[in-house]
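Inspection log for the structure reproduced underneath, given as structure tokens.
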Amino acid sequence: MKALSRMSSRSRQFLNFAVTFLSVMLCILILPTRMPGMELLGIGPNWLLIWLVAWSIKRKRTVWGAASMGLVLGFLQDAMTAPHPTHAVSLVVVGVLTVVLQKTWSIPVDIVERDPIPMALIVFGMAVVAETVMGLQFFTMGDRALLEIWSYHQRVALCSAILSSLWAPVIYFPLNRLWEMTRNVEKP
């Protein structure tokens with residue numbers, strides 16, 4: 001903490017950017033990884049969704065900022081997967097909903113910072129929302145029957161939501177700690 005307080009404002013901003021960038025890159029790198037305990041029925045946690053919820057739940061995030069971050073993360077995920085349907089739409093919806101819910105319900109960030117349960121519940125709900133948006137995109141493409149999409153969607157949404165919510169503290173708490181340390185140093 002003392003080392004951070006001695007850094008210039010520009011250096012702290014660079015450190016904040018570096019932590020954010022490197023954490024996103026780490027999430028992208030572990031996205032296709034399937035280690036024991038990290039998959040359920042062949043489906044793994046959505047690391048970028050967890051990161052986006054963790055980033056969006058912070059106090060001063062705007063709807064436009066969350067939408068922009070969701071778009072960037074979605075395009076990064078699309079670069080690693082098939083182009084149809086796009087993950088960008090679902091991550092934009094997740095980012096916007098997280099910020100809107102945090103501001104509308106006035107979710108106290110300090111409660112989320114101390115207790116992993118609210119964060120896990122938020123990630124669980126947002127994972128279901130993201131997979132539902134993906135299912136709707138499959139439906140609008142028209143190349144699959146609704147019954148096929150629905151049966152697949154149930155399995156994917158539930159597995160993704162469970163795993164993502166269980167792994168959410170692994171992403172949220174270290175990042176939140178780093179972001180909070182740099183924010184506290186910047187206060188006069």
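Ordered as shown in the structure tokens, chains take letters A, B, and onward, while each chain numbers its residues from 1 and ligands are numbered from 1 in the order shown.
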Find the spatial neighbours of Leu76 (chain A), counting only C-alpha atoms, within a cut-off of 10 Å - ignore same-chain residues fewer than 3 positions away - and output them as a short mmCIF file (atom, residue, chain, number, x, y, z; two decimals) with N, CA and C atoms, in the first residue's frame.
```cif
data_model
loop_
_atom_site.label_atom_id
_atom_site.label_comp_id
_atom_site.auth_asym_id
_atom_site.auth_seq_id
_atom_site.Cartn_x
_atom_site.Cartn_y
_atom_site.Cartn_z
N VAL A 24 -8.03 -9.63 -18.08
CA VAL A 24 -8.86 -10.02 -19.23
C VAL A 24 -8.12 -11.05 -20.08
N MET A 25 -6.84 -10.83 -20.31
CA MET A 25 -6.05 -11.79 -21.10
C MET A 25 -5.98 -13.15 -20.42
N ILE A 28 -9.24 -14.87 -20.99
CA ILE A 28 -9.33 -15.37 -22.37
C ILE A 28 -8.51 -16.64 -22.52
N LEU A 48 -15.10 -14.79 -19.04
CA LEU A 48 -15.28 -13.38 -19.44
C LEU A 48 -16.56 -12.80 -18.86
N GLY A 70 -18.59 -4.94 -22.51
CA GLY A 70 -19.23 -6.18 -22.96
C GLY A 70 -19.03 -6.43 -24.44
N LEU A 71 -19.09 -5.37 -25.23
CA LEU A 71 -18.87 -5.49 -26.68
C LEU A 71 -17.44 -5.93 -26.97
N VAL A 72 -16.47 -5.31 -26.31
CA VAL A 72 -15.06 -5.66 -26.52
C VAL A 72 -14.81 -7.11 -26.11
N LEU A 73 -15.28 -7.48 -24.91
CA LEU A 73 -15.08 -8.85 -24.44
C LEU A 73 -15.80 -9.85 -25.34
N ALA A 79 -13.64 -14.04 -31.41
CA ALA A 79 -12.42 -14.30 -32.17
C ALA A 79 -11.89 -15.70 -31.89
N MET A 80 -12.27 -16.28 -30.74
CA MET A 80 -11.81 -17.61 -30.38
C MET A 80 -12.80 -18.71 -30.76
N THR A 81 -14.02 -18.34 -31.12
CA THR A 81 -15.06 -19.33 -31.37
C THR A 81 -15.68 -19.09 -32.74
N HIS A 87 -21.08 -13.63 -29.27
CA HIS A 87 -21.09 -13.49 -27.81
C HIS A 87 -21.20 -12.02 -27.41
N ALA A 88 -20.93 -11.13 -28.35
CA ALA A 88 -20.94 -9.70 -28.03
C ALA A 88 -22.32 -9.24 -27.57
#
```
Exercise for review: Give the helix (DSSP H, G or I) residues of region 3-186 of chain A, as assigned by DSSP on the backbone, as a PyMOL selection string.
Suggested key: chain A and resi 3-6+9-30+47-56+63-80+87-104+109-114+116-141+146-186
Name the residues in contact with region 18-20 of chain A at a cut-off of 10 Å, using only C-alpha atoms, excluding same-chain residues fewer than 2 positions from it; report them as a compact mmCIF listing (two decimals) with N, CA, C and O atoms, in the first residue's frame.
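Here's the written file selection-v5.txt:
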```
# COMPACT_ATOMS: atom_id res chain seq x y z
N ARG A 12 -0.23 5.06 -11.26
CA ARG A 12 -1.35 4.29 -10.70
C ARG A 12 -2.39 3.99 -11.77
O ARG A 12 -2.95 2.89 -11.81
N GLN A 13 -2.65 4.95 -12.66
CA GLN A 13 -3.59 4.70 -13.75
C GLN A 13 -3.06 3.61 -14.68
O GLN A 13 -3.81 2.75 -15.12
N PHE A 14 -1.75 3.66 -14.96
CA PHE A 14 -1.16 2.63 -15.79
C PHE A 14 -1.24 1.26 -15.10
O PHE A 14 -1.55 0.26 -15.74
N LEU A 15 -0.99 1.23 -13.79
CA LEU A 15 -1.09 -0.01 -13.04
C LEU A 15 -2.52 -0.56 -13.07
O LEU A 15 -2.73 -1.76 -13.28
N ASN A 16 -3.49 0.32 -12.91
CA ASN A 16 -4.89 -0.08 -12.97
C ASN A 16 -5.22 -0.65 -14.35
O ASN A 16 -5.87 -1.69 -14.47
N LEU A 22 -4.36 -7.38 -18.15
CA LEU A 22 -3.78 -8.71 -17.90
C LEU A 22 -4.83 -9.68 -17.35
O LEU A 22 -4.80 -10.87 -17.69
N SER A 23 -5.75 -9.20 -16.55
CA SER A 23 -6.79 -10.09 -16.03
C SER A 23 -7.74 -10.52 -17.15
O SER A 23 -8.18 -11.68 -17.18
N VAL A 24 -8.03 -9.63 -18.08
CA VAL A 24 -8.86 -10.02 -19.23
C VAL A 24 -8.12 -11.05 -20.08
O VAL A 24 -8.70 -12.06 -20.51
N MET A 25 -6.84 -10.83 -20.31
CA MET A 25 -6.05 -11.79 -21.10
C MET A 25 -5.98 -13.15 -20.42
O MET A 25 -6.08 -14.18 -21.08
N LEU A 26 -5.85 -13.15 -19.10
CA LEU A 26 -5.84 -14.41 -18.36
C LEU A 26 -7.18 -15.13 -18.51
O LEU A 26 -7.21 -16.35 -18.73
N TRP A 51 -15.74 -11.96 -15.29
CA TRP A 51 -14.93 -10.75 -15.25
C TRP A 51 -15.79 -9.52 -15.49
O TRP A 51 -15.67 -8.51 -14.80
N TRP A 55 -16.37 -6.44 -12.98
CA TRP A 55 -16.00 -5.08 -13.39
C TRP A 55 -17.22 -4.16 -13.33
O TRP A 55 -17.11 -3.01 -12.90
N LEU A 175 -9.33 -9.16 -8.02
CA LEU A 175 -9.45 -7.94 -8.84
C LEU A 175 -10.04 -6.81 -8.02
O LEU A 175 -9.56 -5.67 -8.10
N LEU A 178 -7.39 -5.30 -5.77
CA LEU A 178 -6.45 -4.43 -6.49
C LEU A 178 -7.10 -3.11 -6.90
O LEU A 178 -6.52 -2.04 -6.76
N TRP A 179 -8.33 -3.19 -7.44
CA TRP A 179 -9.02 -1.97 -7.85
C TRP A 179 -9.30 -1.08 -6.65
O TRP A 179 -9.20 0.15 -6.73
```
Point to revise | For Ile50 (chain A), the nearest of the candidates A:Phe21, A:Trp167, A:Trp150, A:Phe138, counting only C-alpha atoms | key: A:Trp167
Check your understanding: Can you list, as a PyMOL selection string, every protein, DNA or RNA residue that comes within 8 Å of region 161-166 of chain A when you count only C-alpha atoms, leaving out same-chain residues fewer than 6 positions away?
Key -> chain A and resi 38-40+44-47+50+119-128
